[in-house]
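For reference, the structure discussed in these notes is given below.
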Amino acid sequence: MTMVMMTVNGNAVNANVDARTLLADFLRQELQFTGTHLGCEQGVCGACTVVVDGKVQRSCITFVADCEGAQVTTIEGFDDDPTMSELREAFSECHALQCGFCTPGMLTTARDIVLRLGDIPEPQIREELSGNLCRCTGYVGIVAAVRKVAAGKSPVAVNRPATISAQPFDGPRPAPASTQATSQAIPRALPTAASTGGGTSIDEQVKVAASPEQIWAVLSDLRRVVPCVPGAEITTLAGDDLTGKIRIALGPIKVAFSGQAKVGMDADNREGWMSGRGRDAGQGSSAEGTARWKVLADGANASVIAVTLSWKLGGPLAQFNRSGLVQDIVRRLAATFAANLEAAISGVPQPAQAGAALGGLRLIWSIVKARLMSWR
Ligand code: FES
Ligand code: FES
């Protein structure tokens, strides 16, 4: 647990939180600022946008532990903010909302646009709003509302706390002065995945139609098993030291990690481990983690590979530390890996995914989109 002191909507908050506690969960569940909405929970939709130290930020991918000393403003904190008042009125006049789910994030981003950029043309407003998704209204009314408020305004310095209301407009109120809040680990829908110390670990079982001996013959040979992992390739292998690459294409995010790993094998127990770290030179994402695996018999001529993955992502990919999406991704990868492994065991040529532009992980974008579609 970590003690964090910050200001939320003008109130001092002392929070004793788990290292993995996310700001959006904390605001909603501990402080009852439920105007901070959660849509994708992956940093994509913008519904959870709040202001942290004068800048808009996605609270679903912000750790409370990183907010020490920060001034946080949620939609409830903008009651007396003059720009927000204008925007609320314009949204109403321009029919810029229907269900209102995206509206707190839209308004918070719109306020930032108006203050930071002033009177800008419509294409630029659209670009600035492109990180906020609306599933029902469409963007014509929203853009018109922002345009209306921005018209004639000059940019002003926005790297300062928002005008604060000490009285949030909705839901139970936090204590007005100093609030003691304790956030326990928040149960997730998928119990086999857990975040630890800002990272994530996950257990997965891969069924393969081959005997443990056949599987171990491949798993114990890294030059045979790495090509079974979508997007992965070995650069050098010397003893238990490995260098390699893995390429990931996740919607607009494309990274190519290069890194080093140590590998260990226990042939008697048919288990192994790999621990390493890598970095993407282009986008600046980083990853470190450990994989452990063990081959178990599963009836006649079939096996289960029990895998435990632990990792921590930084940079643009950090949003995928969230366990729900990761569970989906790992399941898809595990299925692809199992199919490739069976192909390797049977001698069938494997798909040329290792050197290609990460065909396997392109599937992941469909998972993200499916999650977005499930809002309604
Ligand atoms: S809920 Fe945070 S960006 Fe979608
Ligand atoms: S008004 Fe935007 S999601 Fe409904």
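In the structure tokens, chains take letters A, B, ... by order of appearance, with residues numbered from 1 within each chain and ligands from 1 in the order shown.
Counting only C-alpha atoms, Glu93 (chain A) has the following residues at most 12 Å away, ignoring those fewer than 6 positions along the same chain: Glu86, Leu87, Gly141, Ile142, Ala144, Ala145, Val146, Lys148 and Val149 of chain A.
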Deliver the residues from the most recent selection as a file, using C-alpha atoms, as a short mmCIF file (atom, residue, chain, number, x, y, z; two decimals), in the first residue's frame.
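What ended up in result-v8.cif:
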data_model
loop_
_atom_site.label_atom_id
_atom_site.label_comp_id
_atom_site.auth_asym_id
_atom_site.auth_seq_id
_atom_site.Cartn_x
_atom_site.Cartn_y
_atom_site.Cartn_z
CA GLU A 86 -20.47 28.18 -21.76
CA LEU A 87 -19.71 24.72 -23.07
CA GLY A 141 -23.25 18.84 -32.83
CA ILE A 142 -20.25 18.39 -30.56
CA ALA A 144 -20.47 22.93 -33.48
CA ALA A 145 -20.74 23.45 -29.72
CA VAL A 146 -16.98 23.72 -29.27
CA LYS A 148 -19.42 28.25 -30.84
CA VAL A 149 -17.62 28.66 -27.51
#
Site check for ligand 2: residues at most 10 Å away, only C-alpha atoms and all ligand atoms, as JSON, numbers by chain: {"A": [39, 45, 47, 95, 96, 97, 98, 99, 100, 101, 102, 103, 104, 105, 106, 132, 133, 134, 135, 136, 137, 138, 139, 142, 375, 376]}
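Of the listed residues (A:Val4, A:Cys40, A:Val56, A:Ala150), A:Cys40 comes nearest to ligand 1; the distances count only C-alpha atoms and all ligand atoms.
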Test item: residues no farther than 9 Å from ligand 1, counting only C-alpha atoms and all ligand atoms, as a PyMOL selection string: chain A and resi 24+36-49+57-61+105+131-133+372
Those same residues, written as a compact mmCIF listing (two decimals), in the first residue's frame with C-alpha atoms?
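Output contents, as saved in part.txt:
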# COMPACT_ATOMS: atom_id res chain seq x y z
CA ALA A 24 -10.69 6.45 -12.43
CA THR A 36 -15.81 10.27 -14.45
CA HIS A 37 -17.08 7.59 -16.80
CA LEU A 38 -15.38 4.37 -17.76
CA GLY A 39 -15.86 3.13 -21.30
CA CYS A 40 -12.99 1.22 -22.82
CA GLU A 41 -10.75 1.27 -19.71
CA GLN A 42 -7.80 1.13 -22.13
CA GLY A 43 -7.04 4.78 -22.80
CA VAL A 44 -8.87 4.79 -26.13
CA CYS A 45 -12.30 6.42 -25.72
CA GLY A 46 -11.65 9.48 -23.54
CA ALA A 47 -14.77 9.01 -21.39
CA CYS A 48 -12.62 9.05 -18.24
CA THR A 49 -10.80 12.31 -19.06
CA GLN A 57 -5.41 13.07 -18.69
CA ARG A 58 -7.05 9.65 -18.98
CA SER A 59 -7.82 8.53 -15.49
CA CYS A 60 -8.33 4.90 -16.54
CA ILE A 61 -4.62 4.53 -17.27
CA GLY A 105 -14.89 13.53 -21.12
CA GLY A 131 -9.25 11.14 -28.77
CA ASN A 132 -12.84 11.27 -27.48
CA LEU A 133 -15.36 8.86 -28.92
CA LEU A 372 -15.89 -0.49 -27.45
Option closest in space to Ile248 (chain A), from A:Arg126, A:Met1, A:Asp280, A:Thr21 [counting only C-alpha atoms]: A:Asp280
